[in-house]
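Engineer: As input, take coords_25.csv (CSV, C-alpha atoms):
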chain,number,residue,atom,x,y,z
A,20,MET,CA,8.3,-21.1,14.0
A,21,ASP,CA,7.1,-19.1,11.1
A,22,HIS,CA,5.4,-15.8,12.1
A,23,VAL,CA,2.2,-15.2,10.2
A,24,ALA,CA,1.1,-11.5,10.1
A,25,ALA,CA,-2.4,-10.8,11.5
A,26,ARG,CA,-5.1,-10.1,8.9
A,27,ILE,CA,-6.0,-6.4,8.9
A,28,ASP,CA,-9.7,-5.5,8.8
A,29,ALA,CA,-10.3,-3.4,5.7
A,30,ALA,CA,-13.2,-2.3,3.6
A,31,GLY,CA,-12.9,-2.7,-0.2
A,32,LEU,CA,-13.1,0.5,-2.2
A,33,VAL,CA,-14.0,0.5,-5.9
A,34,LEU,CA,-13.5,3.7,-7.9
A,35,ALA,CA,-16.2,3.5,-10.5
A,36,ALA,CA,-17.3,7.1,-11.2
A,37,GLY,CA,-15.7,7.9,-14.6
A,38,ALA,CA,-17.6,8.5,-17.8
A,39,GLY,CA,-15.1,6.2,-19.8
A,40,ARG,CA,-14.6,8.8,-22.5
A,41,ARG,CA,-11.9,6.8,-24.3
A,42,PHE,CA,-14.0,3.6,-23.9
A,43,GLY,CA,-17.1,5.3,-25.2
A,44,LYS,CA,-19.3,4.7,-22.1
A,45,PRO,CA,-18.8,4.3,-18.3
A,46,LYS,CA,-16.6,1.3,-17.7
A,47,ALA,CA,-18.4,0.3,-14.5
A,48,GLU,CA,-21.3,-1.0,-16.7
A,49,VAL,CA,-19.2,-2.7,-19.3
A,50,LEU,CA,-19.7,-6.5,-19.6
A,51,PHE,CA,-16.7,-8.7,-19.4
A,52,GLU,CA,-17.1,-12.5,-19.4
A,53,GLY,CA,-20.8,-12.0,-18.7
A,54,GLU,CA,-20.3,-9.7,-15.7
A,55,ARG,CA,-20.2,-5.9,-15.3
A,56,LEU,CA,-16.8,-4.6,-14.4
A,57,VAL,CA,-18.2,-3.1,-11.2
A,58,ASP,CA,-19.6,-6.4,-10.1
A,59,ARG,CA,-16.3,-8.1,-10.9
A,60,ALA,CA,-14.4,-5.6,-8.8
A,61,VAL,CA,-16.8,-6.1,-5.8
A,62,ARG,CA,-16.4,-9.9,-6.2
A,63,LEU,CA,-12.6,-9.5,-6.3
A,64,LEU,CA,-12.5,-7.6,-3.0
A,65,ARG,CA,-15.0,-9.9,-1.3
A,66,ASP,CA,-13.2,-13.0,-2.4
A,67,GLY,CA,-9.9,-11.4,-1.2
A,68,GLY,CA,-11.3,-10.9,2.3
A,69,CYS,CA,-13.1,-7.6,2.5
A,70,ALA,CA,-16.3,-8.1,4.3
A,71,ARG,CA,-17.6,-4.6,3.4
A,72,VAL,CA,-17.2,-3.0,0.0
A,73,VAL,CA,-17.9,0.6,-1.0
A,74,VAL,CA,-18.4,1.6,-4.7
A,75,VAL,CA,-18.0,5.2,-5.7
A,76,SER,CA,-20.3,6.2,-8.6
A,77,GLY,CA,-20.5,9.3,-10.6
A,78,ALA,CA,-21.2,9.5,-14.3
A,79,VAL,CA,-24.0,6.9,-14.0
A,80,GLU,CA,-26.2,5.8,-11.1
A,81,LEU,CA,-25.1,2.3,-10.0
A,82,ARG,CA,-26.9,-0.4,-8.1
A,83,VAL,CA,-24.5,-3.0,-7.0
A,84,ARG,CA,-25.4,-6.1,-5.0
A,85,GLY,CA,-23.1,-6.7,-2.1
A,86,ALA,CA,-21.8,-3.2,-1.9
A,87,THR,CA,-22.7,0.2,-0.6
A,88,VAL,CA,-22.8,2.8,-3.4
A,89,VAL,CA,-21.8,6.4,-2.7
A,90,HIS,CA,-22.2,9.1,-5.3
A,91,ASN,CA,-19.4,11.5,-6.1
A,92,PRO,CA,-21.0,14.7,-7.3
A,93,ARG,CA,-17.5,16.0,-8.3
A,94,TRP,CA,-16.7,13.0,-10.4
A,95,PRO,CA,-15.9,15.2,-13.6
A,96,SER,CA,-12.9,16.6,-11.7
A,97,GLY,CA,-11.1,13.3,-11.8
A,98,MET,CA,-10.2,10.2,-9.8
A,99,GLY,CA,-8.9,12.2,-6.9
A,100,SER,CA,-12.4,13.4,-5.8
A,101,SER,CA,-13.7,9.8,-6.1
A,102,LEU,CA,-10.9,8.5,-3.9
A,103,THR,CA,-11.7,11.3,-1.4
A,104,THR,CA,-15.4,10.4,-1.5
A,105,GLY,CA,-14.7,6.7,-1.0
A,106,LEU,CA,-12.3,7.3,1.9
A,107,ALA,CA,-14.9,9.5,3.6
A,108,ALA,CA,-17.4,6.7,3.3
A,109,VAL,CA,-15.1,4.1,4.7
A,110,HIS,CA,-13.8,6.6,7.3
A,111,ASP,CA,-13.0,4.3,10.3
A,112,THR,CA,-11.0,1.4,9.0
A,113,ALA,CA,-8.4,0.6,6.4
A,114,ALA,CA,-9.3,0.5,2.7
A,115,VAL,CA,-8.2,-1.8,-0.1
A,116,VAL,CA,-8.5,0.4,-3.3
A,117,VAL,CA,-9.1,-0.9,-6.8
A,118,PRO,CA,-10.1,1.0,-9.9
A,119,VAL,CA,-13.1,-0.5,-11.7
A,120,ASP,CA,-11.2,-0.9,-15.0
A,121,MET,CA,-8.7,-3.6,-13.9
A,122,PRO,CA,-10.7,-6.9,-14.5
A,123,TRP,CA,-7.6,-9.2,-14.4
A,124,LEU,CA,-6.6,-8.4,-10.8
A,125,GLY,CA,-6.7,-11.5,-8.6
A,126,ALA,CA,-8.2,-12.0,-5.1
A,127,GLU,CA,-4.9,-13.4,-3.9
A,128,ALA,CA,-3.4,-9.9,-4.3
A,129,VAL,CA,-6.0,-8.6,-2.0
A,130,ARG,CA,-5.4,-11.4,0.5
A,131,ARG,CA,-1.6,-10.7,0.4
A,132,LEU,CA,-2.2,-7.0,1.2
A,133,LEU,CA,-4.5,-7.8,4.1
A,134,THR,CA,-2.0,-10.2,5.7
A,135,CYS,CA,1.3,-8.2,4.9
A,136,GLY,CA,1.4,-6.7,8.4
A,137,ALA,CA,1.4,-3.1,7.2
A,138,ARG,CA,-1.2,-0.3,7.2
A,139,LEU,CA,0.2,1.2,4.0
A,140,ALA,CA,1.0,-1.2,1.1
A,141,THR,CA,0.9,-1.6,-2.6
A,142,ALA,CA,0.8,-4.7,-4.8
A,143,THR,CA,3.8,-5.0,-7.1
A,144,TYR,CA,4.1,-6.8,-10.4
A,145,GLY,CA,7.6,-7.3,-11.8
A,146,GLY,CA,8.8,-5.0,-9.0
A,147,ARG,CA,6.5,-2.1,-10.2
A,148,PRO,CA,3.8,-0.8,-7.9
A,149,GLY,CA,0.2,-1.3,-9.0
A,150,HIS,CA,-3.2,-2.2,-7.6
A,151,PRO,CA,-4.7,-3.0,-5.2
A,152,VAL,CA,-3.4,-0.5,-2.7
A,153,LEU,CA,-4.0,-0.7,1.1
A,154,LEU,CA,-4.5,2.5,3.0
A,155,GLY,CA,-4.8,2.6,6.8
A,156,ALA,CA,-7.5,5.1,8.1
A,157,GLU,CA,-4.8,7.1,9.8
A,158,TYR,CA,-3.4,8.1,6.3
A,159,PHE,CA,-6.8,9.1,4.8
A,160,PRO,CA,-6.5,12.8,5.5
A,161,ALA,CA,-3.0,13.1,4.0
A,162,VAL,CA,-4.0,10.9,1.0
A,163,ALA,CA,-7.2,13.0,0.4
A,164,ALA,CA,-5.1,16.2,0.6
A,165,GLU,CA,-2.9,15.0,-2.3
A,166,ALA,CA,-5.7,13.4,-4.3
A,167,VAL,CA,-6.4,16.1,-6.9
A,168,GLY,CA,-7.6,15.8,-10.5
A,169,ASP,CA,-6.7,12.4,-12.0
A,170,THR,CA,-4.2,11.7,-9.2
A,171,GLY,CA,-5.3,9.3,-6.6
A,172,ALA,CA,-3.0,8.0,-3.9
A,173,ARG,CA,0.1,7.9,-6.1
A,174,LYS,CA,1.6,11.2,-5.1
A,175,PHE,CA,1.1,10.5,-1.4
A,176,LEU,CA,2.6,7.0,-1.8
A,177,ALA,CA,5.6,8.3,-3.7
A,178,ALA,CA,6.3,11.0,-1.1
A,179,ASN,CA,6.1,8.5,1.7
A,180,SER,CA,7.7,5.5,0.0
A,181,GLU,CA,9.7,4.6,3.2
A,182,LEU,CA,6.3,3.8,4.9
A,183,VAL,CA,4.9,1.8,2.0
A,184,GLN,CA,5.3,-2.0,2.1
A,185,ARG,CA,5.7,-3.4,-1.4
A,186,VAL,CA,3.9,-6.7,-1.6
A,187,PRO,CA,4.9,-9.0,-4.6
A,188,CYS,CA,1.8,-10.1,-6.4
A,189,ASP,CA,3.3,-11.7,-9.5
A,190,GLY,CA,1.2,-14.7,-10.6
A,191,THR,CA,-1.9,-13.5,-8.8
A,192,GLY,CA,-3.4,-11.8,-11.9
A,193,SER,CA,-2.6,-8.8,-14.1
A,194,PRO,CA,-2.6,-5.1,-13.3
A,195,ASP,CA,-3.5,-4.2,-16.9
A,196,ASP,CA,-6.3,-1.7,-17.2
A,197,VAL,CA,-9.0,-1.3,-19.8
A,198,ASP,CA,-9.1,2.0,-21.7
A,199,THR,CA,-10.7,1.0,-25.0
A,200,PRO,CA,-13.0,-1.9,-26.1
A,201,GLN,CA,-10.0,-3.4,-27.8
A,202,ASP,CA,-8.2,-3.8,-24.5
A,203,LEU,CA,-10.9,-6.3,-23.4
A,204,ALA,CA,-10.1,-8.5,-26.5
A,205,ARG,CA,-6.5,-9.1,-25.5
Can you present the structure in this file as C-alpha coordinates?

Structural biologist:
Amino acid sequence: MDHVAARIDAAGLVLAAGAGRRFGKPKAEVLFEGERLVDRAVRLLRDGGCARVVVVSGAVELRVRGATVVHNPRWPSGMGSSLTTGLAAVHDTAAVVVPVDMPWLGAEAVRRLLTCGARLATATYGGRPGHPVLLGAEYFPAVAAEAVGDTGARKFLAANSELVQRVPCDGTGSPDDVDTPQDLAR
(Lines of atoms letter the chains of each structure in order from A and count residues from 1; the text may use other names and numbers.)
(Lines give C-alpha, C1' and ligand atoms only; values in the text may rest on other atoms or scores of the structure.)
Protein backbone atom coordinates (compact mmCIF):
# COMPACT_ATOMS: atom_id res chain seq x y z
CA MET A 1 0.00 0.00 0.00
CA ASP A 2 1.34 3.42 -0.95
CA HIS A 3 1.67 5.90 1.88
CA VAL A 4 0.36 9.35 1.05
CA ALA A 5 1.68 12.14 3.26
CA ALA A 6 -0.93 14.19 5.07
CA ARG A 7 -1.52 17.65 3.70
CA ILE A 8 -0.04 20.36 5.91
CA ASP A 9 -2.16 23.39 6.79
CA ALA A 10 -0.26 26.45 5.62
CA ALA A 11 -0.96 30.06 4.77
CA GLY A 12 0.35 31.46 1.52
CA LEU A 13 2.77 34.38 1.87
CA VAL A 14 3.46 36.75 -1.05
CA LEU A 15 6.44 39.10 -0.72
CA ALA A 16 5.34 42.16 -2.72
CA ALA A 17 6.85 45.18 -0.96
CA GLY A 18 9.65 46.22 -3.31
CA ALA A 19 9.83 49.36 -5.44
CA GLY A 20 10.99 47.44 -8.52
CA ARG A 21 13.88 49.80 -9.20
CA ARG A 22 15.31 47.74 -12.07
CA PHE A 23 11.83 47.23 -13.49
CA GLY A 24 10.96 50.93 -13.27
CA LYS A 25 7.92 50.52 -10.98
CA PRO A 26 6.67 48.20 -8.22
CA LYS A 27 6.35 44.72 -9.71
CA ALA A 28 3.27 43.87 -7.63
CA GLU A 29 1.19 46.12 -9.89
CA VAL A 30 2.72 45.03 -13.20
CA LEU A 31 0.21 43.46 -15.58
CA PHE A 32 1.09 40.08 -17.09
CA GLU A 33 -1.41 38.31 -19.32
CA GLY A 34 -4.10 40.73 -18.10
CA GLU A 35 -3.49 40.14 -14.39
CA ARG A 36 -1.40 42.02 -11.82
CA LEU A 37 1.58 39.98 -10.62
CA VAL A 38 0.30 40.21 -7.03
CA ASP A 39 -3.10 38.79 -8.01
CA ARG A 40 -1.39 36.04 -9.99
CA ALA A 41 0.71 35.09 -6.93
CA VAL A 42 -2.37 34.99 -4.69
CA ARG A 43 -4.18 32.80 -7.23
CA LEU A 44 -1.15 30.48 -7.43
CA LEU A 45 -1.19 29.93 -3.67
CA ARG A 46 -4.98 29.50 -3.48
CA ASP A 47 -5.01 27.08 -6.45
CA GLY A 48 -2.17 25.19 -4.77
CA GLY A 49 -4.15 24.66 -1.58
CA CYS A 50 -3.55 27.63 0.73
CA ALA A 51 -6.90 28.69 2.19
CA ARG A 52 -5.42 31.87 3.68
CA VAL A 53 -3.03 34.19 1.85
CA VAL A 54 -1.07 37.14 3.27
CA VAL A 55 0.50 39.75 0.99
CA VAL A 56 3.29 41.99 2.30
CA SER A 57 3.14 45.47 0.76
CA GLY A 58 5.57 48.34 1.07
CA ALA A 59 6.48 50.69 -1.77
CA VAL A 60 2.83 51.00 -2.82
CA GLU A 61 -0.41 50.49 -0.98
CA LEU A 62 -2.06 47.33 -2.28
CA ARG A 63 -5.63 46.13 -2.21
CA VAL A 64 -5.81 42.47 -3.10
CA ARG A 65 -8.98 40.43 -3.35
CA GLY A 66 -8.76 37.11 -1.54
CA ALA A 67 -5.79 38.08 0.63
CA THR A 68 -4.93 39.92 3.81
CA VAL A 69 -2.49 42.75 3.09
CA VAL A 70 0.03 43.76 5.74
CA HIS A 71 2.28 46.77 5.30
CA ASN A 72 6.02 46.54 5.92
CA PRO A 73 7.16 50.03 6.96
CA ARG A 74 10.79 48.86 6.73
CA TRP A 75 10.46 47.68 3.10
CA PRO A 76 13.39 49.83 1.84
CA SER A 77 15.74 47.71 4.00
CA GLY A 78 15.15 44.69 1.73
CA MET A 79 13.30 41.42 1.39
CA GLY A 80 14.38 40.21 4.84
CA SER A 81 12.14 42.71 6.62
CA SER A 82 9.22 41.77 4.35
CA LEU A 83 9.66 38.09 5.14
CA THR A 84 9.79 38.89 8.86
CA THR A 85 6.65 41.05 8.58
CA GLY A 86 4.83 38.30 6.70
CA LEU A 87 5.83 35.55 9.11
CA ALA A 88 4.61 37.68 12.03
CA ALA A 89 1.24 38.06 10.27
CA VAL A 90 0.96 34.31 9.64
CA HIS A 91 2.36 33.55 13.15
CA ASP A 92 0.53 30.35 14.08
CA THR A 93 0.78 28.00 11.12
CA ALA A 94 3.18 27.08 8.36
CA ALA A 95 3.77 29.41 5.41
CA VAL A 96 4.34 28.76 1.71
CA VAL A 97 6.44 31.72 0.57
CA VAL A 98 6.61 33.14 -2.96
CA PRO A 99 8.07 36.39 -4.24
CA VAL A 100 5.65 38.45 -6.33
CA ASP A 101 7.99 38.47 -9.34
CA MET A 102 7.82 34.79 -10.32
CA PRO A 103 4.73 34.63 -12.56
CA TRP A 104 5.56 31.25 -14.09
CA LEU A 105 5.45 29.20 -10.88
CA GLY A 106 2.78 26.50 -10.95
CA ALA A 107 0.13 25.59 -8.40
CA GLU A 108 1.32 21.96 -8.55
CA ALA A 109 4.60 23.04 -6.90
CA VAL A 110 2.60 24.46 -3.97
CA ARG A 111 0.55 21.23 -3.74
CA ARG A 112 3.74 19.13 -3.71
CA LEU A 113 5.16 21.15 -0.81
CA LEU A 114 1.91 20.89 1.15
CA THR A 115 1.89 17.10 0.80
CA CYS A 116 5.62 16.33 1.10
CA GLY A 117 5.34 15.38 4.77
CA ALA A 118 7.89 17.95 5.95
CA ARG A 119 7.63 21.24 7.85
CA LEU A 120 10.66 22.75 6.10
CA ALA A 121 10.90 22.27 2.34
CA THR A 122 11.93 23.92 -0.88
CA ALA A 123 10.88 23.30 -4.44
CA THR A 124 13.72 22.24 -6.73
CA TYR A 125 14.08 22.66 -10.47
CA GLY A 126 16.81 20.68 -12.18
CA GLY A 127 18.04 19.80 -8.69
CA ARG A 128 18.50 23.47 -7.73
CA PRO A 129 16.46 24.98 -4.88
CA GLY A 130 13.89 27.62 -5.77
CA HIS A 131 10.39 28.76 -4.86
CA PRO A 132 7.98 28.16 -3.34
CA VAL A 133 9.46 27.49 0.09
CA LEU A 134 7.57 25.89 2.99
CA LEU A 135 8.39 27.07 6.51
CA GLY A 136 6.80 25.54 9.60
CA ALA A 137 5.87 28.08 12.31
CA GLU A 138 8.40 26.53 14.69
CA TYR A 139 11.15 27.83 12.36
CA PHE A 140 9.82 31.42 12.06
CA PRO A 141 11.96 32.93 14.87
CA ALA A 142 15.19 31.44 13.50
CA VAL A 143 14.31 32.39 9.90
CA ALA A 144 13.46 35.95 10.98
CA ALA A 145 16.77 36.25 12.85
CA GLU A 146 18.67 35.43 9.63
CA ALA A 147 16.45 37.49 7.29
CA VAL A 148 18.45 40.70 6.92
CA GLY A 149 18.74 43.06 3.98
CA ASP A 150 17.95 41.31 0.72
CA THR A 151 18.38 37.88 2.29
CA GLY A 152 15.15 36.04 2.96
CA ALA A 153 15.16 32.46 4.20
CA ARG A 154 18.13 31.38 2.05
CA LYS A 155 20.78 31.71 4.80
CA PHE A 156 18.66 29.77 7.31
CA LEU A 157 17.85 27.04 4.78
CA ALA A 158 21.53 26.65 3.82
CA ALA A 159 22.64 26.45 7.46
CA ASN A 160 19.98 23.82 8.18
CA SER A 161 20.11 21.90 4.91
CA GLU A 162 19.85 18.54 6.69
CA LEU A 163 16.34 19.54 7.85
CA VAL A 164 15.13 20.81 4.47
CA GLN A 165 13.17 18.43 2.27
CA ARG A 166 13.94 19.08 -1.39
CA VAL A 167 10.78 18.58 -3.44
CA PRO A 168 11.29 18.07 -7.20
CA CYS A 169 8.99 20.44 -9.09
CA ASP A 170 10.32 20.08 -12.62
CA GLY A 171 7.48 20.35 -15.11
CA THR A 172 5.21 22.32 -12.74
CA GLY A 173 6.24 25.75 -14.00
CA SER A 174 9.35 27.89 -14.10
CA PRO A 175 11.17 29.52 -11.19
CA ASP A 176 12.40 32.39 -13.39
CA ASP A 177 11.87 35.83 -11.95
CA VAL A 178 11.08 39.17 -13.53
CA ASP A 179 13.65 41.93 -13.08
CA THR A 180 13.03 44.05 -16.17
CA PRO A 181 10.13 44.60 -18.60
CA GLN A 182 12.10 42.54 -21.15
CA ASP A 183 11.92 39.53 -18.82
CA LEU A 184 8.15 39.40 -19.30
CA ALA A 185 8.57 39.16 -23.08
CA ARG A 186 10.49 35.89 -22.99

Engineer: Would you work out the distance separating atom CA of A:Thr199 from atom CA of A:Val57, expressed in Å to one decimal?

Structural biologist: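 Spanning atom CA of A:Thr199 to atom CA of A:Val57 is a straight-line distance of 16.2 Å.
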
Engineer: Can you build me a table of stretch 53-112 of chain A residues sitting at most 12 Å from stretch 128-142 of chain A, with the closest atom pair per residue and its distance in Å to one decimal, using only C-alpha atoms, sorted by chain and residue number, as a tab-separated table?

Structural biologist:
residue	atom	partner	partner_atom	distance
A:Ala60	CA	A:Val129	CA	11.2
A:Val61	CA	A:Val129	CA	11.7
A:Arg62	CA	A:Val129	CA	11.3
A:Leu63	CA	A:Val129	CA	7.9
A:Leu64	CA	A:Val129	CA	6.7
A:Arg65	CA	A:Val129	CA	9.1
A:Asp66	CA	A:Val129	CA	8.4
A:Gly67	CA	A:Arg130	CA	4.8
A:Gly68	CA	A:Arg130	CA	6.2
A:Cys69	CA	A:Val129	CA	8.5
A:Ala70	CA	A:Leu133	CA	11.8
A:Thr112	CA	A:Arg138	CA	10.1

Engineer: Generate a file of the selected residues that holds C-alpha atoms, formatted as a PDB file, in the frame of the given file.

Structural biologist:
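Result file is part07.pdb:
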ATOM      1  CA  ALA A  60     -14.400  -5.600  -8.800  1.00  0.00           C
ATOM      2  CA  VAL A  61     -16.800  -6.100  -5.800  1.00  0.00           C
ATOM      3  CA  ARG A  62     -16.400  -9.900  -6.200  1.00  0.00           C
ATOM      4  CA  LEU A  63     -12.600  -9.500  -6.300  1.00  0.00           C
ATOM      5  CA  LEU A  64     -12.500  -7.600  -3.000  1.00  0.00           C
ATOM      6  CA  ARG A  65     -15.000  -9.900  -1.300  1.00  0.00           C
ATOM      7  CA  ASP A  66     -13.200 -13.000  -2.400  1.00  0.00           C
ATOM      8  CA  GLY A  67      -9.900 -11.400  -1.200  1.00  0.00           C
ATOM      9  CA  GLY A  68     -11.300 -10.900   2.300  1.00  0.00           C
ATOM     10  CA  CYS A  69     -13.100  -7.600   2.500  1.00  0.00           C
ATOM     11  CA  ALA A  70     -16.300  -8.100   4.300  1.00  0.00           C
ATOM     12  CA  THR A 112     -11.000   1.400   9.000  1.00  0.00           C
TER      13      THR A 112
END

Engineer: Using only C-alpha atoms for the distances, tell me which of A:Asn91, A:Ser76, A:Thr191, A:Gln201 is nearest to A:Gly145.

Structural biologist: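 Among the listed residues, the smallest separation from A:Gly145 belongs to A:Thr191.
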
Engineer: Grab the atom CA of A:Cys188 to atom CA of A:Glu127 distance for me, in Å with one decimal place.

Structural biologist: 7.9 Å

Engineer: Quick one: of A:Gly37, A:Pro45, A:Gly31, A:Pro122, who's nearest to A:Arg205, counting all atoms listed in the file?

Structural biologist: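 Looking at the shortest contact to A:Arg205, the residue is A:Pro122.
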
Engineer: Take the point (-9.6, -0.2, -1.7) as written in the file and pick out every residue within 10 Å of it, counting all atoms listed in the file; give the list as a list in words.

Structural biologist: Ala29, Ala30, Gly31, Leu32, Val33, Leu34, Leu64, Cys69, Val72, Val73, Val74, Leu102, Gly105, Leu106, Val109, Ala113, Ala114, Val115, Val116, Val117, Pro118, Val129, His150, Pro151, Val152, Leu153 and Leu154 of chain A

Engineer: With only C-alpha atoms as the counted atoms, please give the residues lying no more than 9 Å from stretch 92-99 of chain A, apart from itself and same-chain residues fewer than 2 positions off, as a ChimeraX atom specification.

Structural biologist: /A:34,36-38,76-78,90,101-104,163,165-172

Engineer: At a cut-off of 9 Å, using all atoms listed in the file, what residues contact A:Lys46? Leave out same-chain residues fewer than 4 positions from it and give the result as number ranges by chain.

Structural biologist: A: 35-39, 42, 50, 55-57, 119-120, 197-198

Engineer: Could you pull the residues within 6 Å of A:Gly192, counting all atoms listed in the file, minus those fewer than 2 positions along the same chain, as a VMD selection string?

Structural biologist: chain A and resid 123 to 125 190

Engineer: Calculated over only C-alpha atoms, which of the candidates A:Met121, A:Val88, A:Val162, A:Ala126 has the smallest distance to A:Asp195?

Structural biologist: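 Selected residue with least distance to A:Asp195: A:Met121.
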
Engineer: For A:Arg40, which residue out of A:Pro200, A:His110, A:Leu182, A:Ala86 is the nearest one, using all atoms listed in the file?

Structural biologist: A:Pro200

Engineer: So the first atom is atom CA of A:Ala108 and the second is atom CA of A:Val75; what is the distance between them in Å, to one decimal place?

Structural biologist: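 If I compute the distance from atom CA of A:Ala108 to atom CA of A:Val75, I get 9.1 Å.
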
Engineer: Taking only C-alpha atoms into account, name the residue in A:Asp189, A:Glu157, A:Asp58, A:Asp111 that is nearest to A:Tyr144.

Structural biologist: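 Looking only at the distances to A:Tyr144, the closest residue turns out to be A:Asp189.
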
Engineer: Ranking A:Pro160, A:Arg173, A:Gly146, A:Thr87 by minimum distance to A:Ala107 and counting all atoms listed in the file, which one comes first?

Structural biologist: A:Pro160

Engineer: With N, CA, C and O atoms as the goal, would you fill in the gaps in stretch 51-63 of chain A and present it as a PDB file, in the coordinates of the input?

Structural biologist:
ATOM      1  N   PHE A  51     -17.864  -7.941 -19.139  1.00  0.00           N
ATOM      2  CA  PHE A  51     -16.700  -8.700 -19.400  1.00  0.00           C
ATOM      3  C   PHE A  51     -16.896 -10.113 -18.915  1.00  0.00           C
ATOM      4  O   PHE A  51     -17.167 -10.293 -17.722  1.00  0.00           O
ATOM      5  N   GLU A  52     -16.834 -11.081 -19.806  1.00  0.00           N
ATOM      6  CA  GLU A  52     -17.100 -12.500 -19.400  1.00  0.00           C
ATOM      7  C   GLU A  52     -18.429 -12.615 -18.708  1.00  0.00           C
ATOM      8  O   GLU A  52     -18.541 -13.318 -17.712  1.00  0.00           O
ATOM      9  N   GLY A  53     -19.451 -11.881 -19.205  1.00  0.00           N
ATOM     10  CA  GLY A  53     -20.800 -12.000 -18.700  1.00  0.00           C
ATOM     11  C   GLY A  53     -21.057 -11.249 -17.375  1.00  0.00           C
ATOM     12  O   GLY A  53     -22.107 -11.438 -16.762  1.00  0.00           O
ATOM     13  N   GLU A  54     -20.143 -10.407 -16.943  1.00  0.00           N
ATOM     14  CA  GLU A  54     -20.300  -9.700 -15.700  1.00  0.00           C
ATOM     15  C   GLU A  54     -19.870  -8.256 -15.835  1.00  0.00           C
ATOM     16  O   GLU A  54     -18.899  -7.950 -16.525  1.00  0.00           O
ATOM     17  N   ARG A  55     -20.622  -7.339 -15.225  1.00  0.00           N
ATOM     18  CA  ARG A  55     -20.200  -5.900 -15.300  1.00  0.00           C
ATOM     19  C   ARG A  55     -18.886  -5.757 -14.564  1.00  0.00           C
ATOM     20  O   ARG A  55     -18.609  -6.445 -13.571  1.00  0.00           O
ATOM     21  N   LEU A  56     -18.068  -4.833 -15.055  1.00  0.00           N
ATOM     22  CA  LEU A  56     -16.800  -4.600 -14.400  1.00  0.00           C
ATOM     23  C   LEU A  56     -16.934  -4.211 -12.951  1.00  0.00           C
ATOM     24  O   LEU A  56     -16.127  -4.619 -12.102  1.00  0.00           O
ATOM     25  N   VAL A  57     -17.965  -3.447 -12.608  1.00  0.00           N
ATOM     26  CA  VAL A  57     -18.200  -3.100 -11.200  1.00  0.00           C
ATOM     27  C   VAL A  57     -18.468  -4.276 -10.346  1.00  0.00           C
ATOM     28  O   VAL A  57     -17.960  -4.406  -9.228  1.00  0.00           O
ATOM     29  N   ASP A  58     -19.282  -5.206 -10.841  1.00  0.00           N
ATOM     30  CA  ASP A  58     -19.600  -6.400 -10.100  1.00  0.00           C
ATOM     31  C   ASP A  58     -18.361  -7.288  -9.922  1.00  0.00           C
ATOM     32  O   ASP A  58     -18.141  -7.909  -8.876  1.00  0.00           O
ATOM     33  N   ARG A  59     -17.555  -7.337 -10.955  1.00  0.00           N
ATOM     34  CA  ARG A  59     -16.300  -8.100 -10.900  1.00  0.00           C
ATOM     35  C   ARG A  59     -15.359  -7.556  -9.861  1.00  0.00           C
ATOM     36  O   ARG A  59     -14.728  -8.311  -9.115  1.00  0.00           O
ATOM     37  N   ALA A  60     -15.265  -6.219  -9.780  1.00  0.00           N
ATOM     38  CA  ALA A  60     -14.400  -5.600  -8.800  1.00  0.00           C
ATOM     39  C   ALA A  60     -14.877  -5.851  -7.363  1.00  0.00           C
ATOM     40  O   ALA A  60     -14.084  -6.119  -6.463  1.00  0.00           O
ATOM     41  N   VAL A  61     -16.196  -5.790  -7.170  1.00  0.00           N
ATOM     42  CA  VAL A  61     -16.800  -6.100  -5.800  1.00  0.00           C
ATOM     43  C   VAL A  61     -16.457  -7.539  -5.472  1.00  0.00           C
ATOM     44  O   VAL A  61     -16.040  -7.833  -4.346  1.00  0.00           O
ATOM     45  N   ARG A  62     -16.662  -8.438  -6.410  1.00  0.00           N
ATOM     46  CA  ARG A  62     -16.400  -9.900  -6.200  1.00  0.00           C
ATOM     47  C   ARG A  62     -14.901 -10.073  -5.817  1.00  0.00           C
ATOM     48  O   ARG A  62     -14.558 -10.834  -4.902  1.00  0.00           O
ATOM     49  N   LEU A  63     -14.009  -9.411  -6.540  1.00  0.00           N
ATOM     50  CA  LEU A  63     -12.600  -9.500  -6.300  1.00  0.00           C
ATOM     51  C   LEU A  63     -12.271  -9.140  -4.820  1.00  0.00           C
ATOM     52  O   LEU A  63     -11.560  -9.874  -4.122  1.00  0.00           O
TER      53      LEU A  63
END
